[in-house]
Amino acid sequence: MYDKVVSLGSRLHYPITVTRLLKKPGDSIKKQETIVEYKFTWRRQLDDDQWTDETTYTEYESPAEGVLKEWRIREGMVINADMPCMTVEEACGHEVQIQGMCTICGADMTETNWASEERDTDRAMINMTHDQTGLMVSASVAQKAEHETQRRLLRQRKLSLVVDLDQTIIHACIEPTIGEWQRDPNNPNHAAVKDVRSFQLDDGPKGFGANGCTYYIKLRPGLADFLDEVSRMYELHVYTMGTRAYAQAIASIVDPEKKLFGNRVISRDENGSITAKSLQRLFPVSTDMVVIIDDRADVWPYNRPNLIKVVPYDFFKGIGDINSSFLPKRQDLAARTLTADEEASLKIQAKEQEKTLEKQLTDRPLLHLQEELDKEGDQVPENASVGQALPIHTRQHVLNDEDEELIALQDHLTDLHTAFYELYDRRRMDRKRAEPTRAPGSTERRKSSVDDGVDLSMVPDVGDILDELKSNVLSGLVIVLSGLVPLGVRVEESEIGLQALTFGAQVLDSVSKRVTHLVVSTARPRTKKVQQAAKIPSIKIVNQNWLLDCLSQWRRLDERPYYLEILDVDRGRSADVTEVVSEDDDAEAEARELKDFDWDTADKDLQEILGLDDEDMDGDESEADTMGFTASESGDEEPSQGLKRKAPATDEEDSEPESALAKKQRVARSRGASSLREVLTPNGDTQSQDEAGGPTNYDNNDDFDEDQLERDLLAELEAAGD
């Protein structure tokens, strides 16, 4: 039995006065049966300026059916607005419905009457099924069902895993060249496509050029073993933006015996949104035990904490995701019921997909890529002589299958599963220890309850655990992105920026000495940020693959294989400065260079190499100060021209300047140390071992003979005096 509180509704002519209650508690009530008599007063116009009050007596019909439990109104009561009038005990709560019919009592939930302002279909608004049956349940039924699922998974020591299809575990195309390569053993791509699976669909619109075409499906390397291992820790669900026919066809290839996914497949036909996915579609009560793997993070606007983003699987080069027209073009779309405008948009997107697929059939991009490779291989080398025997041409292949993403992904899922159940077990153990062993006032030990391994109140949020595992990867790093963020998008709101933040890095807009890494697009290797960072030796300048591989493998990788080649002009080096640094320590050369040395130019070059500007020198002590330089005030963004050498510290303000010999000694020492102790920086620049962490002070140089240098300089001066 179900208790339902019934309201009078907003359609009555308020205020009303209850004149008679026709039913008493315990009586049966049928829908549209008269149960209350009431009256209301209204004004009637007699002529242009005369009105009279009229009283109308009428009846109220029940919008519900069942047994009257109690009245919430009484006779003689004046009611000014809608309010609850009674509680009815119903025989059926209509909490499970399918296509507008109650599955429990068989009543038509779409039936309406003037007395009822609420639709009975509103009692079951949650769709928890994966298919299009239209099975809907109430919130209470959904909660009960979901809790039962959680209990079952806890007993099995499992979690739920929602798996995307396209470019996550498979790659699909309809390019007919694939079939031709499969049938030609001599084609260089034959080995790569021989295990490609195929099927045909006839679910496209009439006249659609790709309707009835062959879909070619390449499984990600290691998929069978991956799913077998992961299914021991997770209950698997498929969630795709492809059609249901497409999803089921791929599921039958990946899981022909339905041991892995069963019927747990949801497509865009049941999704409820044209561009976004939502865990609430399947788990409306709690997502604490649900993990997602998908190559797109932006399709999960409300469930990013539960997501493990994978590197897209791109086997068919240049094809991409054949369902990409249904993926979001902006990041603020959430899953919801389709509106009329969205239904129209859905048709537009379907048309876009049709054009994309038809383009594959007509343009045949893979065939053209192979033809280009063949042309390159047929070219005769420029230095080949007439009559020279040319090497036998070996045809290169477009496709290769070296992807290893699932290996790392399996490790991540295993680590997450382990961390979840370790925390869950620890919570349960802590509670058990905190429970009293004896009942209050009793000397007898409390009997221990049967432990079936289930305690929903102790279930941790898998999203919190996932966030903690990720945040340690790039913790402490300060990253600037170059050429990787679209114009007009804030770096912290860009997809790659969000990923870096999730993995613990701090992401900034501009280059400064705080920055540890500049991540540069290989498509744009020379930007202003690159030129700025090249002047700061502490910044590691890497291509975008370093960051992407770190995010994929969940560990900070060695930057050296990813270093960007930096041009000398971007480092701000001049040939003169390089020559000075690399010159011999010959005393005669030192004296000659010292005489002709351009200190202003050297100051300027040094400032550029150190990357000093006015902003860097705004603090209490700039880097120039610590190296014996002071900066003049300037508002320019470019390096200041006013960098001057700092006078040696003396006891008296007006002390004598240092002697020529002392100056030569000082210069020789510093130059000798730099030429002897130079090392290569990560970005190809040279710096002293002092900068790199090793000693460069001339006092630690066993080969440096200070006395001999002084004797040589004195002899030179005496000779000059003669």
# chains A, B, ... in the order shown; residues from 1 in each chain; ligands from 1
call {"tool": "residues_around", "arguments": {"residues": "range 547-561 of chain A", "least_positions_apart": "5", "cutoff": "12 Å", "atoms": "only C-alpha atoms", "output": "ChimeraX atom specification"}}
result
/A:295,308-312,404-413,415-416,466-477,479-481,484,495-505,516-521,539-542,681-684
call {"tool": "residues_around", "arguments": {"residues": "Glu402 in chain A", "least_positions_apart": "6", "cutoff": "12 Å", "atoms": "only C-alpha atoms", "output": "list in words"}}
result
Ala192, Arg220, Pro221, Gly222, Tyr313, Asp314 and Phe315 of chain A
call {"tool": "residues_around", "arguments": {"residues": "Met77 in chain A", "least_positions_apart": "3", "cutoff": "7 Å", "atoms": "only C-alpha atoms", "output": "PDB file with N, CA and C atoms, in the first residue's frame"}}
result
ATOM      1  N   THR A  17     -15.270  28.004   0.369  1.00  0.00           N
ATOM      2  CA  THR A  17     -15.695  27.579   1.706  1.00  0.00           C
ATOM      3  C   THR A  17     -16.211  26.153   1.616  1.00  0.00           C
ATOM      4  N   VAL A  18     -15.639  25.261   2.439  1.00  0.00           N
ATOM      5  CA  VAL A  18     -16.050  23.853   2.428  1.00  0.00           C
ATOM      6  C   VAL A  18     -17.413  23.751   3.110  1.00  0.00           C
ATOM      7  N   ILE A  73      -8.799  18.938   5.623  1.00  0.00           N
ATOM      8  CA  ILE A  73      -9.678  20.103   5.636  1.00  0.00           C
ATOM      9  C   ILE A  73     -10.904  19.736   6.458  1.00  0.00           C
ATOM     10  N   ARG A  74     -11.732  20.726   6.796  1.00  0.00           N
ATOM     11  CA  ARG A  74     -12.934  20.464   7.586  1.00  0.00           C
ATOM     12  C   ARG A  74     -14.079  21.313   7.053  1.00  0.00           C
TER      13      ARG A  74
END
call {"tool": "closest_residue", "arguments": {"among": "A:Arg197, A:Arg428, A:Arg281, A:His237", "to": "Phe261 in chain A", "atoms": "only C-alpha atoms"}}
result
A:His237
call {"tool": "atom_distance", "arguments": {"atom1": "CA of Asp225 in chain A", "atom2": "CA of Thr414 in chain A"}}
result
13.9 Å
call {"tool": "decode", "arguments": {"residues": "range 477-488 of chain A", "atoms": "N, CA, C and O atoms", "output": "PDB file, in the first residue's frame"}}
result
ATOM      1  N   LEU A 477      55.016  21.105 -10.313  1.00  0.00           N
ATOM      2  CA  LEU A 477      55.445  21.659 -11.587  1.00  0.00           C
ATOM      3  C   LEU A 477      54.602  22.881 -11.949  1.00  0.00           C
ATOM      4  O   LEU A 477      53.409  22.931 -11.659  1.00  0.00           O
ATOM      5  N   VAL A 478      55.249  23.845 -12.588  1.00  0.00           N
ATOM      6  CA  VAL A 478      54.568  25.055 -13.084  1.00  0.00           C
ATOM      7  C   VAL A 478      54.733  25.058 -14.597  1.00  0.00           C
ATOM      8  O   VAL A 478      55.853  25.145 -15.105  1.00  0.00           O
ATOM      9  N   ILE A 479      53.626  24.956 -15.309  1.00  0.00           N
ATOM     10  CA  ILE A 479      53.654  24.720 -16.751  1.00  0.00           C
ATOM     11  C   ILE A 479      53.025  25.885 -17.498  1.00  0.00           C
ATOM     12  O   ILE A 479      51.993  26.427 -17.083  1.00  0.00           O
ATOM     13  N   VAL A 480      53.651  26.245 -18.616  1.00  0.00           N
ATOM     14  CA  VAL A 480      53.072  27.193 -19.574  1.00  0.00           C
ATOM     15  C   VAL A 480      52.907  26.449 -20.893  1.00  0.00           C
ATOM     16  O   VAL A 480      53.788  25.684 -21.301  1.00  0.00           O
ATOM     17  N   LEU A 481      51.783  26.653 -21.558  1.00  0.00           N
ATOM     18  CA  LEU A 481      51.494  26.001 -22.833  1.00  0.00           C
ATOM     19  C   LEU A 481      51.692  26.985 -23.974  1.00  0.00           C
ATOM     20  O   LEU A 481      51.300  28.153 -23.874  1.00  0.00           O
ATOM     21  N   SER A 482      52.284  26.518 -25.066  1.00  0.00           N
ATOM     22  CA  SER A 482      52.522  27.377 -26.219  1.00  0.00           C
ATOM     23  C   SER A 482      52.007  26.700 -27.482  1.00  0.00           C
ATOM     24  O   SER A 482      52.421  25.589 -27.812  1.00  0.00           O
ATOM     25  N   GLY A 483      51.063  27.374 -28.166  1.00  0.00           N
ATOM     26  CA  GLY A 483      50.524  26.845 -29.410  1.00  0.00           C
ATOM     27  C   GLY A 483      49.550  25.706 -29.225  1.00  0.00           C
ATOM     28  O   GLY A 483      49.210  25.019 -30.189  1.00  0.00           O
ATOM     29  N   LEU A 484      49.073  25.496 -27.997  1.00  0.00           N
ATOM     30  CA  LEU A 484      48.207  24.349 -27.708  1.00  0.00           C
ATOM     31  C   LEU A 484      46.810  24.740 -27.247  1.00  0.00           C
ATOM     32  O   LEU A 484      45.949  23.872 -27.108  1.00  0.00           O
ATOM     33  N   VAL A 485      46.597  26.031 -27.000  1.00  0.00           N
ATOM     34  CA  VAL A 485      45.296  26.499 -26.502  1.00  0.00           C
ATOM     35  C   VAL A 485      44.650  27.373 -27.571  1.00  0.00           C
ATOM     36  O   VAL A 485      45.283  28.314 -28.062  1.00  0.00           O
ATOM     37  N   PRO A 486      43.410  27.083 -27.974  1.00  0.00           N
ATOM     38  CA  PRO A 486      42.747  27.891 -29.011  1.00  0.00           C
ATOM     39  C   PRO A 486      42.616  29.345 -28.591  1.00  0.00           C
ATOM     40  O   PRO A 486      42.504  29.656 -27.398  1.00  0.00           O
ATOM     41  N   LEU A 487      42.650  30.233 -29.562  1.00  0.00           N
ATOM     42  CA  LEU A 487      42.480  31.652 -29.285  1.00  0.00           C
ATOM     43  C   LEU A 487      41.131  31.905 -28.616  1.00  0.00           C
ATOM     44  O   LEU A 487      40.119  31.329 -28.994  1.00  0.00           O
ATOM     45  N   GLY A 488      41.140  32.763 -27.622  1.00  0.00           N
ATOM     46  CA  GLY A 488      39.913  33.113 -26.933  1.00  0.00           C
ATOM     47  C   GLY A 488      39.538  32.172 -25.811  1.00  0.00           C
ATOM     48  O   GLY A 488      38.554  32.406 -25.108  1.00  0.00           O
TER      49      GLY A 488
END
